[in-house]
>>> print(open('final.pdb').read())   # PDB, C-alpha atoms
ATOM      1  CA  MET A   1       6.561  -3.956 -24.889
ATOM      2  CA  ASN A   2       4.027  -5.532 -27.265
ATOM      3  CA  TYR A   3       0.709  -6.887 -26.005
ATOM      4  CA  ALA A   4       1.648 -10.540 -26.568
ATOM      5  CA  LEU A   5       4.619 -10.293 -24.182
ATOM      6  CA  TYR A   6       2.620  -8.154 -21.774
ATOM      7  CA  SER A   7      -0.210 -10.708 -21.567
ATOM      8  CA  GLN A   8       2.225 -13.625 -21.155
ATOM      9  CA  LEU A   9       3.792 -11.883 -18.179
ATOM     10  CA  LEU A  10       0.349 -11.327 -16.713
ATOM     11  CA  TRP A  11      -0.579 -15.012 -17.001
ATOM     12  CA  ILE A  12       2.647 -15.910 -15.205
ATOM     13  CA  TRP A  13       1.719 -13.375 -12.512
ATOM     14  CA  ILE A  14      -1.716 -14.994 -12.135
ATOM     15  CA  ALA A  15      -0.061 -18.411 -11.722
ATOM     16  CA  VAL A  16       2.126 -16.956  -8.962
ATOM     17  CA  ALA A  17      -1.073 -15.725  -7.243
ATOM     18  CA  LEU A  18      -2.417 -19.280  -7.099
ATOM     19  CA  VAL A  19       0.834 -20.497  -5.519
ATOM     20  CA  ALA A  20       0.710 -17.627  -3.011
ATOM     21  CA  PHE A  21      -2.896 -18.513  -2.158
ATOM     22  CA  LEU A  22      -1.949 -22.109  -1.306
ATOM     23  CA  TYR A  23       0.991 -20.894   0.792
ATOM     24  CA  LEU A  24      -1.085 -18.350   2.715
ATOM     25  CA  LEU A  25      -3.690 -20.979   3.558
ATOM     26  CA  ARG A  26      -0.949 -22.740   5.520
ATOM     27  CA  GLU A  27       1.081 -19.797   6.812
ATOM     28  CA  ASN A  28      -0.426 -16.626   8.337
ATOM     29  CA  ALA A  29       1.277 -13.414   7.218
ATOM     30  CA  PRO A  30       2.942 -12.139  10.447
ATOM     31  CA  TYR A  31       1.474  -8.671  10.926
ATOM     32  CA  GLY A  32      -1.419  -7.237  12.909
ATOM     33  CA  ARG A  33      -2.862  -9.775  15.350
ATOM     34  CA  HIS A  34      -0.741 -12.506  13.762
ATOM     35  CA  VAL A  35       2.617 -10.823  14.335
ATOM     36  CA  ARG A  36       5.260 -13.124  15.798
ATOM     37  CA  PRO A  37       9.022 -13.084  16.377
ATOM     38  CA  GLY A  38      11.501 -14.509  13.937
ATOM     39  CA  TRP A  39      10.758 -12.261  10.968
ATOM     40  CA  GLY A  40      13.671  -9.852  11.363
ATOM     41  CA  PRO A  41      13.620  -6.077  11.919
ATOM     42  CA  THR A  42      10.334  -4.289  12.534
ATOM     43  CA  LEU A  43       9.047  -0.752  12.141
ATOM     44  CA  ASP A  44       6.134   1.321  13.373
ATOM     45  CA  ASN A  45       2.802  -0.070  12.165
ATOM     46  CA  ARG A  46       1.554   3.212  10.708
ATOM     47  CA  LEU A  47       4.829   3.924   8.922
ATOM     48  CA  GLY A  48       4.732   0.361   7.592
ATOM     49  CA  TRP A  49       1.271   0.887   6.092
ATOM     50  CA  PHE A  50       2.434   4.043   4.318
ATOM     51  CA  LEU A  51       5.586   2.418   2.959
ATOM     52  CA  MET A  52       3.617  -0.622   1.787
ATOM     53  CA  GLU A  53       0.849   1.197  -0.018
ATOM     54  CA  PHE A  54       2.164   4.537  -1.304
ATOM     55  CA  PRO A  55       4.633   3.094  -3.851
ATOM     56  CA  VAL A  56       1.710   1.771  -5.901
ATOM     57  CA  VAL A  57       0.534   5.359  -6.409
ATOM     58  CA  VAL A  58       3.964   6.384  -7.701
ATOM     59  CA  VAL A  59       4.419   3.334  -9.935
ATOM     60  CA  PHE A  60       0.878   3.464 -11.308
ATOM     61  CA  LEU A  61       1.146   7.158 -12.199
ATOM     62  CA  SER A  62       4.608   6.666 -13.717
ATOM     63  CA  ALA A  63       3.341   3.861 -15.962
ATOM     64  CA  LEU A  64       0.133   5.742 -16.751
ATOM     65  CA  LEU A  65       1.981   8.894 -17.827
ATOM     66  CA  TRP A  66       4.733   6.952 -19.618
ATOM     67  CA  SER A  67       3.707   8.322 -23.012
ATOM     68  CA  GLY A  68       2.585  11.744 -21.813
ATOM     69  CA  PRO A  69      -0.318  13.277 -19.882
ATOM     70  CA  ASP A  70      -2.950  12.791 -22.602
ATOM     71  CA  ILE A  71      -5.293  10.215 -21.024
ATOM     72  CA  SER A  72      -8.730   9.570 -22.532
ATOM     73  CA  LEU A  73     -11.965   9.711 -20.535
ATOM     74  CA  LEU A  74     -12.485   6.103 -19.470
ATOM     75  CA  PRO A  75      -8.879   5.244 -18.584
ATOM     76  CA  GLY A  76      -8.857   8.518 -16.646
ATOM     77  CA  LEU A  77     -12.013   7.501 -14.773
ATOM     78  CA  PHE A  78     -10.603   4.059 -13.984
ATOM     79  CA  SER A  79      -7.354   5.619 -12.812
ATOM     80  CA  ALA A  80      -9.258   7.979 -10.505
ATOM     81  CA  CYS A  81     -11.078   5.015  -8.929
ATOM     82  CA  PHE A  82      -7.782   3.183  -8.398
ATOM     83  CA  LEU A  83      -6.063   6.215  -6.892
ATOM     84  CA  CYS A  84      -9.041   7.001  -4.655
ATOM     85  CA  HIS A  85      -8.583   3.651  -2.920
ATOM     86  CA  TYR A  86      -4.818   3.847  -2.596
ATOM     87  CA  LEU A  87      -4.523   7.460  -1.483
ATOM     88  CA  ASN A  88      -6.872   6.601   1.365
ATOM     89  CA  ARG A  89      -5.050   3.358   2.148
ATOM     90  CA  SER A  90      -1.561   4.854   2.082
ATOM     91  CA  ILE A  91      -2.104   8.261   3.730
ATOM     92  CA  ILE A  92      -5.488   8.708   5.427
ATOM     93  CA  TYR A  93      -5.902   5.201   6.868
ATOM     94  CA  PRO A  94      -2.487   5.044   8.626
ATOM     95  CA  LEU A  95      -3.026   8.472  10.185
ATOM     96  CA  ARG A  96      -6.349   7.297  11.654
ATOM     97  CA  LEU A  97      -4.977   4.099  13.204
ATOM     98  CA  ARG A  98      -4.943   3.854  16.993
ATOM     99  CA  THR A  99      -2.124   1.337  17.231
ATOM    100  CA  LEU A 100       0.440   3.081  19.432
ATOM    101  CA  GLY A 101       3.466   0.840  19.932
ATOM    102  CA  LYS A 102       2.472  -1.830  17.412
ATOM    103  CA  ARG A 103       5.154  -3.031  15.021
ATOM    104  CA  MET A 104       5.282  -4.633  11.592
ATOM    105  CA  PRO A 105       8.088  -6.809  10.158
ATOM    106  CA  LEU A 106      10.136  -5.049   7.502
ATOM    107  CA  ALA A 107       9.990  -8.259   5.442
ATOM    108  CA  ILE A 108       6.193  -7.891   5.152
ATOM    109  CA  VAL A 109       6.551  -4.263   4.075
ATOM    110  CA  LEU A 110       9.065  -5.146   1.375
ATOM    111  CA  SER A 111       6.974  -8.038   0.045
ATOM    112  CA  ALA A 112       3.939  -5.738  -0.162
ATOM    113  CA  VAL A 113       5.992  -3.099  -1.981
ATOM    114  CA  GLY A 114       6.957  -5.708  -4.571
ATOM    115  CA  PHE A 115       3.344  -6.836  -4.944
ATOM    116  CA  ASN A 116       2.102  -3.261  -5.356
ATOM    117  CA  PHE A 117       4.914  -2.353  -7.741
ATOM    118  CA  ILE A 118       3.984  -5.160 -10.150
ATOM    119  CA  ASN A 119       0.221  -4.624 -10.028
ATOM    120  CA  GLY A 120       0.549  -0.853 -10.275
ATOM    121  CA  PHE A 121       2.821  -1.136 -13.304
ATOM    122  CA  PHE A 122       0.595  -3.635 -15.128
ATOM    123  CA  LEU A 123      -2.517  -1.488 -14.667
ATOM    124  CA  GLY A 124      -0.918   1.880 -15.401
ATOM    125  CA  TYR A 125       0.888   0.525 -18.466
ATOM    126  CA  TYR A 126      -2.317  -1.024 -19.806
ATOM    127  CA  PHE A 127      -4.306   2.202 -19.475
ATOM    128  CA  SER A 128      -1.585   4.231 -21.205
ATOM    129  CA  HIS A 129      -0.621   1.784 -23.975
ATOM    130  CA  PHE A 130      -3.375  -0.717 -24.759
ATOM    131  CA  ALA A 131      -6.718   0.533 -23.423
ATOM    132  CA  GLU A 132      -9.299   1.305 -26.112
ATOM    133  CA  TYR A 133     -12.884   1.904 -25.012
ATOM    134  CA  PRO A 134     -15.672   3.165 -27.274
ATOM    135  CA  ASP A 135     -17.924   5.919 -25.938
ATOM    136  CA  SER A 136     -20.714   3.337 -25.771
ATOM    137  CA  TRP A 137     -18.805   1.562 -22.974
ATOM    138  CA  LEU A 138     -20.331   4.081 -20.550
ATOM    139  CA  LEU A 139     -23.702   2.382 -21.141
ATOM    140  CA  ASP A 140     -22.405  -1.189 -21.224
ATOM    141  CA  SER A 141     -23.870  -3.441 -18.516
ATOM    142  CA  ARG A 142     -20.373  -4.601 -17.499
ATOM    143  CA  PHE A 143     -19.243  -1.037 -16.913
ATOM    144  CA  LEU A 144     -22.384  -0.069 -14.979
ATOM    145  CA  ALA A 145     -22.435  -3.219 -12.824
ATOM    146  CA  GLY A 146     -18.709  -2.970 -12.155
ATOM    147  CA  LEU A 147     -18.949   0.682 -11.195
ATOM    148  CA  VAL A 148     -21.714  -0.091  -8.682
ATOM    149  CA  LEU A 149     -19.737  -3.010  -7.223
ATOM    150  CA  PHE A 150     -16.583  -0.922  -6.958
ATOM    151  CA  TRP A 151     -18.181   1.924  -5.024
ATOM    152  CA  ALA A 152     -20.290  -0.433  -2.898
ATOM    153  CA  GLY A 153     -17.126  -2.339  -1.987
ATOM    154  CA  LEU A 154     -15.262   0.880  -1.230
ATOM    155  CA  ALA A 155     -18.104   2.038   1.053
ATOM    156  CA  ILE A 156     -18.154  -1.320   2.877
ATOM    157  CA  ASN A 157     -14.361  -1.270   3.235
ATOM    158  CA  TRP A 158     -14.268   2.275   4.635
ATOM    159  CA  HIS A 159     -17.257   1.778   6.935
ATOM    160  CA  SER A 160     -15.825  -1.455   8.338
ATOM    161  CA  ASP A 161     -12.386   0.120   8.830
ATOM    162  CA  ASN A 162     -14.076   2.965  10.688
ATOM    163  CA  ILE A 163     -15.772   0.495  13.051
ATOM    164  CA  LEU A 164     -12.477  -1.298  13.708
ATOM    165  CA  ILE A 165     -10.551   1.929  14.293
ATOM    166  CA  HIS A 166     -13.093   3.159  16.850
ATOM    167  CA  LEU A 167     -13.150  -0.104  18.781
ATOM    168  CA  ARG A 168     -10.051   1.080  20.622
ATOM    169  CA  LYS A 169      -9.625   4.074  22.852
ATOM    170  CA  PRO A 170      -6.592   6.198  21.904
ATOM    171  CA  GLY A 171      -3.365   4.621  23.116
ATOM    172  CA  THR A 172      -4.774   1.117  23.679
ATOM    173  CA  THR A 173      -4.034  -2.034  21.654
ATOM    174  CA  ASP A 174      -6.546  -4.517  23.083
ATOM    175  CA  TYR A 175      -8.806  -6.435  20.686
ATOM    176  CA  VAL A 176     -12.564  -6.648  21.204
ATOM    177  CA  ILE A 177     -15.374  -8.243  19.229
ATOM    178  CA  PRO A 178     -16.484  -5.829  16.471
ATOM    179  CA  GLU A 179     -20.191  -5.166  16.030
ATOM    180  CA  GLY A 180     -22.348  -3.295  13.527
ATOM    181  CA  GLY A 181     -22.534  -3.174   9.758
ATOM    182  CA  LEU A 182     -21.605  -6.400   8.010
ATOM    183  CA  PHE A 183     -19.858  -7.613  11.163
ATOM    184  CA  ARG A 184     -23.309  -9.024  11.917
ATOM    185  CA  TRP A 185     -22.661 -11.744   9.326
ATOM    186  CA  ILE A 186     -18.897 -11.936   8.724
ATOM    187  CA  SER A 187     -15.698 -11.472  10.687
ATOM    188  CA  CYS A 188     -13.911  -9.424   8.019
ATOM    189  CA  PRO A 189     -16.268  -7.105   6.105
ATOM    190  CA  ASN A 190     -13.348  -4.740   5.492
ATOM    191  CA  LEU A 191     -11.654  -7.486   3.477
ATOM    192  CA  PHE A 192     -14.935  -8.486   1.819
ATOM    193  CA  GLY A 193     -15.418  -4.865   0.740
ATOM    194  CA  GLU A 194     -11.941  -4.738  -0.767
ATOM    195  CA  MET A 195     -12.542  -7.952  -2.707
ATOM    196  CA  LEU A 196     -15.842  -6.533  -3.957
ATOM    197  CA  GLU A 197     -14.080  -3.333  -5.025
ATOM    198  CA  TRP A 198     -11.517  -5.025  -7.207
ATOM    199  CA  THR A 199     -14.014  -7.505  -8.613
ATOM    200  CA  GLY A 200     -16.092  -4.507  -9.691
ATOM    201  CA  PHE A 201     -12.978  -2.801 -11.038
ATOM    202  CA  ALA A 202     -12.167  -5.866 -13.152
ATOM    203  CA  LEU A 203     -15.728  -5.955 -14.452
ATOM    204  CA  MET A 204     -15.977  -2.284 -15.383
ATOM    205  CA  THR A 205     -12.516  -2.150 -17.013
ATOM    206  CA  TRP A 206     -12.854  -5.608 -18.612
ATOM    207  CA  CYS A 207      -9.104  -6.074 -18.977
ATOM    208  CA  LEU A 208      -6.583  -8.766 -18.070
ATOM    209  CA  PRO A 209      -4.475  -6.725 -15.585
ATOM    210  CA  ALA A 210      -7.573  -5.807 -13.572
ATOM    211  CA  PHE A 211      -8.698  -9.442 -13.496
ATOM    212  CA  ALA A 212      -5.203 -10.438 -12.392
ATOM    213  CA  PHE A 213      -5.386  -7.835  -9.636
ATOM    214  CA  ALA A 214      -8.771  -9.153  -8.493
ATOM    215  CA  ILE A 215      -7.355 -12.695  -8.377
ATOM    216  CA  TRP A 216      -4.349 -11.516  -6.372
ATOM    217  CA  THR A 217      -6.641  -9.629  -3.985
ATOM    218  CA  ALA A 218      -8.658 -12.791  -3.299
ATOM    219  CA  ALA A 219      -5.470 -14.870  -2.995
ATOM    220  CA  ASN A 220      -4.241 -12.524  -0.261
ATOM    221  CA  LEU A 221      -7.465 -11.680   1.548
ATOM    222  CA  VAL A 222      -9.367 -14.979   1.688
ATOM    223  CA  PRO A 223      -6.617 -16.741   3.706
ATOM    224  CA  ARG A 224      -6.208 -13.600   5.825
ATOM    225  CA  ALA A 225      -9.921 -13.510   6.635
ATOM    226  CA  MET A 226      -9.976 -17.216   7.489
ATOM    227  CA  ALA A 227      -7.020 -16.707   9.848
ATOM    228  CA  HIS A 228      -8.774 -13.727  11.494
ATOM    229  CA  HIS A 229     -11.950 -15.774  11.869
ATOM    230  CA  ARG A 230     -10.104 -18.653  13.577
ATOM    231  CA  TRP A 231      -8.320 -16.173  15.845
ATOM    232  CA  TYR A 232     -11.579 -14.512  16.921
ATOM    233  CA  ARG A 233     -13.170 -17.868  17.737
ATOM    234  CA  GLN A 234     -10.124 -19.042  19.689
ATOM    235  CA  THR A 235      -9.711 -15.737  21.566
ATOM    236  CA  PHE A 236     -13.315 -14.920  22.518
ATOM    237  CA  SER A 237     -15.448 -17.653  24.058
ATOM    238  CA  GLY A 238     -18.612 -15.638  23.323
ATOM    239  CA  TYR A 239     -17.822 -14.996  19.670
ATOM    240  CA  PRO A 240     -20.993 -15.221  17.518
ATOM    241  CA  GLY A 241     -21.189 -18.727  16.110
ATOM    242  CA  ASP A 242     -23.224 -17.766  13.048
ATOM    243  CA  ARG A 243     -20.628 -15.427  11.592
ATOM    244  CA  LYS A 244     -18.699 -16.549   8.542
ATOM    245  CA  ALA A 245     -15.163 -15.408   7.714
ATOM    246  CA  ILE A 246     -15.492 -13.208   4.622
ATOM    247  CA  ILE A 247     -18.543 -14.028   2.472
ATOM    248  CA  PRO A 248     -21.968 -13.841   4.192
ATOM    249  CA  TRP A 249     -23.653 -17.256   4.670
ATOM    250  CA  MET A 250     -20.960 -18.978   2.583
ATOM    251  CA  LEU A 251     -17.315 -18.764   3.705
TER     252      LEU A 251
END
>>> encode(input="final.pdb", output="structure tokens")
Amino acid sequence: MNYALYSQLLWIWIAVALVAFLYLLRENAPYGRHVRPGWGPTLDNRLGWFLMEFPVVVVFLSALLWSGPDISLLPGLFSACFLCHYLNRSIIYPLRLRTLGKRMPLAIVLSAVGFNFINGFFLGYYFSHFAEYPDSWLLDSRFLAGLVLFWAGLAINWHSDNILIHLRKPGTTDYVIPEGGLFRWISCPNLFGEMLEWTGFALMTWCLPAFAFAIWTAANLVPRAMAHHRWYRQTFSGYPGDRKAIIPWML
């Protein structure tokens, strides 16, 4: 595949993200607290998370190693950052969940597999076929700022997930108001952290597939956070009124 065709496909993929964003503003994805009947067969929540997220590891590595195992320093570093997130999300995170008995629609799992397959391929293929970074990129302000944003976002995401996981006693499924960390200002710091991660990733890699991935992340997570925020306010009469949904003091 030449770069002209590759970039055209990516721009189409970005356009699809904008359509998905408009759809998700109107229709909550039916998993987690928003699960509802009418979406077909379901499976265990933890198994669903693994099946949703692990394929991106396989597809990304397959595309990355398409031309052989010889990967230069910076694409290797970027790949390690990407895999660090997804190995946690697909293996460690599901094992830590305390969601005994919770189910997830198979349709959601399959749609996420498709999403991850496309993004994983675009990124892995770029790093193995088109990526060219001079050694001076390690001192470029875009690389340094993006690297800081990526790891700050990862830390926020993991810390917020840890708070949410420990809200429940083992074997319970009740929801309570989360406190601590960035929950002081927003309802979904875990989602904010993930958006920050992939924004930083796009900045430090400075490539179209990473920007497309950051756009897709926002298209998925902003509507999700707004739905969570509405749910919290409707469910808990004492929910803090000064919290925003996903961006402190803004949204």
>>> atom_distance(input="final.pdb", atom1="CA of Gly101 (chain A)", atom2="CA of Tyr23 (chain A)")
29.1 Å
>>> resolve_selection(input="final.pdb", expression="the PyMOL selection byres ((chain A and resi 195) around 9)", output="CSV table (one decimal) with C-alpha atoms, in the coordinates of the input")
chain,number,residue,atom,x,y,z
A,153,GLY,CA,-17.1,-2.3,-2.0
A,190,ASN,CA,-13.3,-4.7,5.5
A,191,LEU,CA,-11.7,-7.5,3.5
A,192,PHE,CA,-14.9,-8.5,1.8
A,193,GLY,CA,-15.4,-4.9,0.7
A,194,GLU,CA,-11.9,-4.7,-0.8
A,196,LEU,CA,-15.8,-6.5,-4.0
A,197,GLU,CA,-14.1,-3.3,-5.0
A,198,TRP,CA,-11.5,-5.0,-7.2
A,199,THR,CA,-14.0,-7.5,-8.6
A,200,GLY,CA,-16.1,-4.5,-9.7
A,214,ALA,CA,-8.8,-9.2,-8.5
A,217,THR,CA,-6.6,-9.6,-4.0
A,218,ALA,CA,-8.7,-12.8,-3.3
A,221,LEU,CA,-7.5,-11.7,1.5
A,222,VAL,CA,-9.4,-15.0,1.7
>>> resolve_selection(input="final.pdb", expression="the PyMOL selection byres ((chain A and resi 78-91) around 7)", output="PyMOL selection string")
chain A and resi 49-50+53-54+57+74-77+92-95
>>> write_last_selection(input="final.pdb", atoms="C-alpha atoms", output="PDB file, keeping the file's coordinate frame")
ATOM      1  CA  TRP A  49       1.271   0.887   6.092  1.00  0.00           C
ATOM      2  CA  PHE A  50       2.434   4.043   4.318  1.00  0.00           C
ATOM      3  CA  GLU A  53       0.849   1.197  -0.018  1.00  0.00           C
ATOM      4  CA  PHE A  54       2.164   4.537  -1.304  1.00  0.00           C
ATOM      5  CA  VAL A  57       0.534   5.359  -6.409  1.00  0.00           C
ATOM      6  CA  LEU A  74     -12.485   6.103 -19.470  1.00  0.00           C
ATOM      7  CA  PRO A  75      -8.879   5.244 -18.584  1.00  0.00           C
ATOM      8  CA  GLY A  76      -8.857   8.518 -16.646  1.00  0.00           C
ATOM      9  CA  LEU A  77     -12.013   7.501 -14.773  1.00  0.00           C
ATOM     10  CA  ILE A  92      -5.488   8.708   5.427  1.00  0.00           C
ATOM     11  CA  TYR A  93      -5.902   5.201   6.868  1.00  0.00           C
ATOM     12  CA  PRO A  94      -2.487   5.044   8.626  1.00  0.00           C
ATOM     13  CA  LEU A  95      -3.026   8.472  10.185  1.00  0.00           C
TER      14      LEU A  95
END
>>> atom_distance(input="final.pdb", atom1="CA of Thr205 (chain A)", atom2="CA of Leu123 (chain A)")
10.3 Å
>>> closest_residue(input="final.pdb", among="A:Leu164, A:Leu208, A:Leu9, A:Leu51", to="Leu106 (chain A)", atoms="only C-alpha atoms")
A:Leu51
>>> residues_around(input="final.pdb", residues="Pro69 (chain A)", least_positions_apart="5", cutoff="10 Å", atoms="all atoms listed in the file", output="ChimeraX atom specification")
/A:61,64,128
>>> write_last_selection(input="final.pdb", atoms="C-alpha atoms", output="PDB file, in the coordinates of the input")
ATOM      1  CA  LEU A  61       1.146   7.158 -12.199  1.00  0.00           C
ATOM      2  CA  LEU A  64       0.133   5.742 -16.751  1.00  0.00           C
ATOM      3  CA  SER A 128      -1.585   4.231 -21.205  1.00  0.00           C
TER       4      SER A 128
END
>>> atom_distance(input="final.pdb", atom1="CA of Gly146 (chain A)", atom2="CA of Tyr3 (chain A)")
24.2 Å
>>> closest_residue(input="final.pdb", among="A:Arg184, A:Arg233, A:His228, A:Arg26", to="Trp249 (chain A)", atoms="all atoms listed in the file")
A:Arg184
>>> closest_residue(input="final.pdb", among="A:Pro55, A:Pro223, A:Gly114, A:Gly181", to="Glu27 (chain A)", atoms="only C-alpha atoms")
A:Pro223
>>> closest_residue(input="final.pdb", among="A:Trp231, A:Tyr239, A:Phe143, A:Trp185", to="Ala202 (chain A)", atoms="only C-alpha atoms")
A:Phe143
>>> residues_around(input="final.pdb", residues="Tyr133 (chain A)", least_positions_apart="2", cutoff="10 Å", atoms="all atoms listed in the file", output="PDB file with C-alpha atoms, in the coordinates of the input")
ATOM      1  CA  SER A  72      -8.730   9.570 -22.532  1.00  0.00           C
ATOM      2  CA  LEU A  73     -11.965   9.711 -20.535  1.00  0.00           C
ATOM      3  CA  LEU A  74     -12.485   6.103 -19.470  1.00  0.00           C
ATOM      4  CA  PRO A  75      -8.879   5.244 -18.584  1.00  0.00           C
ATOM      5  CA  PHE A 130      -3.375  -0.717 -24.759  1.00  0.00           C
ATOM      6  CA  ALA A 131      -6.718   0.533 -23.423  1.00  0.00           C
ATOM      7  CA  ASP A 135     -17.924   5.919 -25.938  1.00  0.00           C
ATOM      8  CA  SER A 136     -20.714   3.337 -25.771  1.00  0.00           C
ATOM      9  CA  TRP A 137     -18.805   1.562 -22.974  1.00  0.00           C
ATOM     10  CA  LEU A 138     -20.331   4.081 -20.550  1.00  0.00           C
ATOM     11  CA  THR A 205     -12.516  -2.150 -17.013  1.00  0.00           C
ATOM     12  CA  TRP A 206     -12.854  -5.608 -18.612  1.00  0.00           C
TER      13      TRP A 206
END
>>> residues_around(input="final.pdb", residues="Pro41 (chain A)", least_positions_apart="4", cutoff="12 Å", atoms="only C-alpha atoms", output="JSON, numbers by chain")
{"A": [36, 37, 48, 103, 104, 105, 106, 107, 108, 109, 110]}
>>> residues_around(input="final.pdb", residues="Phe201 (chain A)", least_positions_apart="5", cutoff="7 Å", atoms="all atoms listed in the file", output="ChimeraX atom specification")
/A:146-147,150,210
>>> closest_residue(input="final.pdb", among="A:Ala212, A:Val176, A:Phe183, A:Ala17", to="Gly238 (chain A)", atoms="only C-alpha atoms")
A:Val176
>>> closest_residue(input="final.pdb", among="A:Phe21, A:Leu203, A:Val56, A:Asn2", to="Ala112 (chain A)", atoms="all atoms listed in the file")
A:Val56
>>> axis_aligned_box(input="final.pdb", around="region 131-138 of chain A", padding_each_side="6 Å", output="AutoDock Vina command-line options")
--center_x -13.7 --center_y 3.2 --center_z -23.9 --size_x 26.0 --size_y 17.4 --size_z 18.7
>>> residues_around(input="final.pdb", residues="Met250 (chain A)", least_positions_apart="6", cutoff="12 Å", atoms="only C-alpha atoms", output="PDB file with C-alpha atoms, in the coordinates of the input")
ATOM      1  CA  TRP A 185     -22.661 -11.744   9.326  1.00  0.00           C
ATOM      2  CA  ILE A 186     -18.897 -11.936   8.724  1.00  0.00           C
ATOM      3  CA  ASP A 242     -23.224 -17.766  13.048  1.00  0.00           C
ATOM      4  CA  ARG A 243     -20.628 -15.427  11.592  1.00  0.00           C
ATOM      5  CA  LYS A 244     -18.699 -16.549   8.542  1.00  0.00           C
TER       6      LYS A 244
END
